[in-house]
Amino acid sequence: MNIKELFNSFCEDDFYSKINLHIHSNHSDGENDFDELIEQAKNLGMKYISITDHNTISGYKNSKYVNDEILIQGVEFDCFYKMSLLHILGYGIDINNEKLNALCAKNQQEQKNDLIRLFKSRHPKKVIEAIHDAGGIAVLAHPCCCNVFNLKDFVKKLKTLGLDGIEAYYPYDRFRGIIKFSSRNKIKNIAEEYNLIKTGGSDEHKSLIK
Ligand SMILES: [Zn+2]
Ligand SMILES: [Zn+2]
């Protein structure tokens with residue numbers, strides 16, 4: 001099964017209990033150790049997780065669980081497009097891919113400092129191309145954080161750049177941009193209209209065990 005088929009086999013109820021595709025470790029701004037998060041997910045009996053650190057895949061390179069079946073290789077890139085900041089998630093990526101590695105942060109400061117990240121934001125076209133080159137799929141993270149007046153049109157433009165999916169299942173209350181009235185249903189409708197894969201995750205920066 002390829003990554004698209006796998007993601008399409010997930011249903012809304014699978015997120016966040018069995019599947020969480022948006023987690024941060026201390027390789028970026030999360031609190032927990034990379035391998036510790038995987039152990040937590042295993043203890044919770046989860047089926048799949050993806051650790052998606054900001055602009056880095058260094059966690060995967062140092063993990064003893066890199067080939068574990070619970071783990072889906074992931075990353076979250078800072079981008080800037082049409083006057084808005086946005087985050088693009090890459091899933092199912094080859095962590096040794098050259099293009100992808102070239103887009104990653106060069107040091108810890110670049111990963112952890114929001115201001116530096118802001119100035120180093122990339123064009124989504126470049127990011128999506130690198131994710132595809134690495135065999136992965138590109139997904140718009142927490143779409144309601146995009147400061148755009150017409151989210152549907154924004155997503156349509158990203159789709160023409162090669163966007164494969166949209167994060168439809170995430171804690172909307174915690175992450176709101178200008179678009180105060182966008183709901184899960186609106187995002188689901190946009191996903192269906194543009195034939196985008198719907199993914200989900202909690203954007204966890206702390207422990208998976210509450
Ligand atoms: Zn994000
Ligand atoms: Zn995140």
# chains A, B, ... in the order shown; residues from 1 in each chain; ligands from 1

call {"tool": "closest_atom_pairs", "arguments": {"of": "chain A", "to": "ligand 1", "cutoff": "8 Å", "atoms": "only C-alpha atoms and all ligand atoms", "output": "JSON lines"}}
result
{"residue": "A:His54", "atom": "CA", "partner": "ligand 1", "partner_atom_place_in_ligand_line": "1 (Zn)", "distance": 7.8}
{"residue": "A:Glu76", "atom": "CA", "partner": "ligand 1", "partner_atom_place_in_ligand_line": "1 (Zn)", "distance": 6.8}
{"residue": "A:Asp78", "atom": "CA", "partner": "ligand 1", "partner_atom_place_in_ligand_line": "1 (Zn)", "distance": 7.7}
{"residue": "A:Leu86", "atom": "CA", "partner": "ligand 1", "partner_atom_place_in_ligand_line": "1 (Zn)", "distance": 7.5}
{"residue": "A:His87", "atom": "CA", "partner": "ligand 1", "partner_atom_place_in_ligand_line": "1 (Zn)", "distance": 5.1}
{"residue": "A:Ile88", "atom": "CA", "partner": "ligand 1", "partner_atom_place_in_ligand_line": "1 (Zn)", "distance": 7.7}
{"residue": "A:Ala141", "atom": "CA", "partner": "ligand 1", "partner_atom_place_in_ligand_line": "1 (Zn)", "distance": 5.9}
{"residue": "A:His142", "atom": "CA", "partner": "ligand 1", "partner_atom_place_in_ligand_line": "1 (Zn)", "distance": 6.6}
{"residue": "A:Asp203", "atom": "CA", "partner": "ligand 1", "partner_atom_place_in_ligand_line": "1 (Zn)", "distance": 7.1}

call {"tool": "residues_around", "arguments": {"residues": "stretch 30-32 of chain A", "least_positions_apart": "3", "cutoff": "9 Å", "atoms": "only C-alpha atoms", "output": "list in words"}}
result
Ile23, His24, Ser25, Asn26, His27, Asp35, Glu36, Leu37, Asp53, Glu204, His205, Lys206 and Ser207 of chain A

call {"tool": "write_last_selection", "arguments": {"atoms": "C-alpha atoms", "output": "compact mmCIF listing (two decimals), in the first residue's frame"}}
result
# COMPACT_ATOMS: atom_id res chain seq x y z
CA ILE A 23 3.61 15.59 16.72
CA HIS A 24 6.70 17.63 17.67
CA SER A 25 9.74 16.33 19.52
CA ASN A 26 12.63 18.20 21.09
CA HIS A 27 14.38 18.12 17.71
CA ASP A 35 12.11 7.88 20.77
CA GLU A 36 10.21 8.53 23.99
CA LEU A 37 7.21 9.74 21.96
CA ASP A 53 9.38 18.55 13.50
CA GLU A 204 1.30 17.85 20.05
CA HIS A 205 4.25 19.67 21.59
CA LYS A 206 4.12 17.80 24.90
CA SER A 207 3.68 14.21 26.03

call {"tool": "residues_around", "arguments": {"residues": "A:Leu85", "least_positions_apart": "3", "cutoff": "10 Å", "atoms": "only C-alpha atoms", "output": "list of chain:residue names"}}
result
A:Asp78, A:Cys79, A:Phe80, A:Tyr81, A:Lys82, A:Leu118, A:Ser121, A:Arg122, A:His123, A:Cys145, A:Cys146, A:Asn147, A:Val148

call {"tool": "write_last_selection", "arguments": {"atoms": "C-alpha atoms", "output": "mmCIF file, in the first residue's frame"}}
result
data_model
loop_
_atom_site.group_PDB
_atom_site.id
_atom_site.type_symbol
_atom_site.label_atom_id
_atom_site.label_comp_id
_atom_site.auth_asym_id
_atom_site.auth_seq_id
_atom_site.Cartn_x
_atom_site.Cartn_y
_atom_site.Cartn_z
ATOM 1 C CA ASP A 78 7.492 26.909 7.205
ATOM 2 C CA CYS A 79 6.315 28.583 4.002
ATOM 3 C CA PHE A 80 5.190 32.017 2.887
ATOM 4 C CA TYR A 81 2.684 32.476 0.083
ATOM 5 C CA LYS A 82 0.223 35.192 -1.002
ATOM 6 C CA LEU A 118 9.844 33.417 9.740
ATOM 7 C CA SER A 121 10.207 30.733 5.066
ATOM 8 C CA ARG A 122 10.161 28.980 1.756
ATOM 9 C CA HIS A 123 7.890 29.148 -1.261
ATOM 10 C CA CYS A 145 -4.167 29.472 10.686
ATOM 11 C CA CYS A 146 -3.635 30.878 7.188
ATOM 12 C CA ASN A 147 -4.332 34.606 7.282
ATOM 13 C CA VAL A 148 -6.227 34.788 4.028
#

call {"tool": "closest_residue", "arguments": {"among": "A:Gly45, A:Pro124, A:Gly90, A:Gly136", "to": "ligand 2", "atoms": "only C-alpha atoms and all ligand atoms"}}
result
A:Gly90

call {"tool": "closest_residue", "arguments": {"among": "A:Lys64, A:Lys157, A:Lys18, A:Arg174", "to": "ligand 2", "atoms": "only C-alpha atoms and all ligand atoms"}}
result
A:Arg174

call {"tool": "atom_distance", "arguments": {"atom1": "atom CA of A:Glu129", "atom2": "atom CA of A:Glu12"}}
result
27.8 Å

call {"tool": "closest_residue", "arguments": {"among": "A:Asn185, A:Asn195, A:Asn150, A:Asn113", "to": "A:Asp164", "atoms": "only C-alpha atoms"}}
result
A:Asn195

call {"tool": "decode", "arguments": {"residues": "stretch 68-79 of chain A", "atoms": "N, CA and C atoms", "output": "compact mmCIF listing (two decimals), in the first residue's frame"}}
result
# COMPACT_ATOMS: atom_id res chain seq x y z
N ASP A 68 10.28 1.32 12.27
CA ASP A 68 9.16 0.70 12.99
C ASP A 68 7.85 0.93 12.24
N GLU A 69 6.99 -0.08 12.27
CA GLU A 69 5.74 0.03 11.48
C GLU A 69 4.75 1.07 12.03
N ILE A 70 4.94 1.51 13.26
CA ILE A 70 4.04 2.55 13.81
C ILE A 70 4.37 3.93 13.24
N LEU A 71 5.60 4.08 12.73
CA LEU A 71 6.11 5.40 12.39
C LEU A 71 5.97 5.73 10.91
N ILE A 72 5.36 6.88 10.62
CA ILE A 72 5.31 7.39 9.25
C ILE A 72 6.26 8.59 9.18
N GLN A 73 7.23 8.53 8.30
CA GLN A 73 8.24 9.60 8.22
C GLN A 73 7.56 10.93 7.87
N GLY A 74 7.85 11.96 8.66
CA GLY A 74 7.19 13.24 8.41
C GLY A 74 8.04 14.45 8.77
N VAL A 75 7.58 15.61 8.32
CA VAL A 75 8.28 16.88 8.56
C VAL A 75 7.26 18.00 8.38
N GLU A 76 7.52 19.17 8.99
CA GLU A 76 6.63 20.32 8.80
C GLU A 76 7.48 21.53 8.40
N PHE A 77 7.22 22.06 7.21
CA PHE A 77 8.02 23.19 6.70
C PHE A 77 7.28 24.51 6.84
N ASP A 78 8.04 25.55 7.20
CA ASP A 78 7.49 26.91 7.21
C ASP A 78 7.52 27.45 5.78
N CYS A 79 6.40 28.01 5.35
CA CYS A 79 6.31 28.58 4.00
C CYS A 79 5.67 29.96 4.07
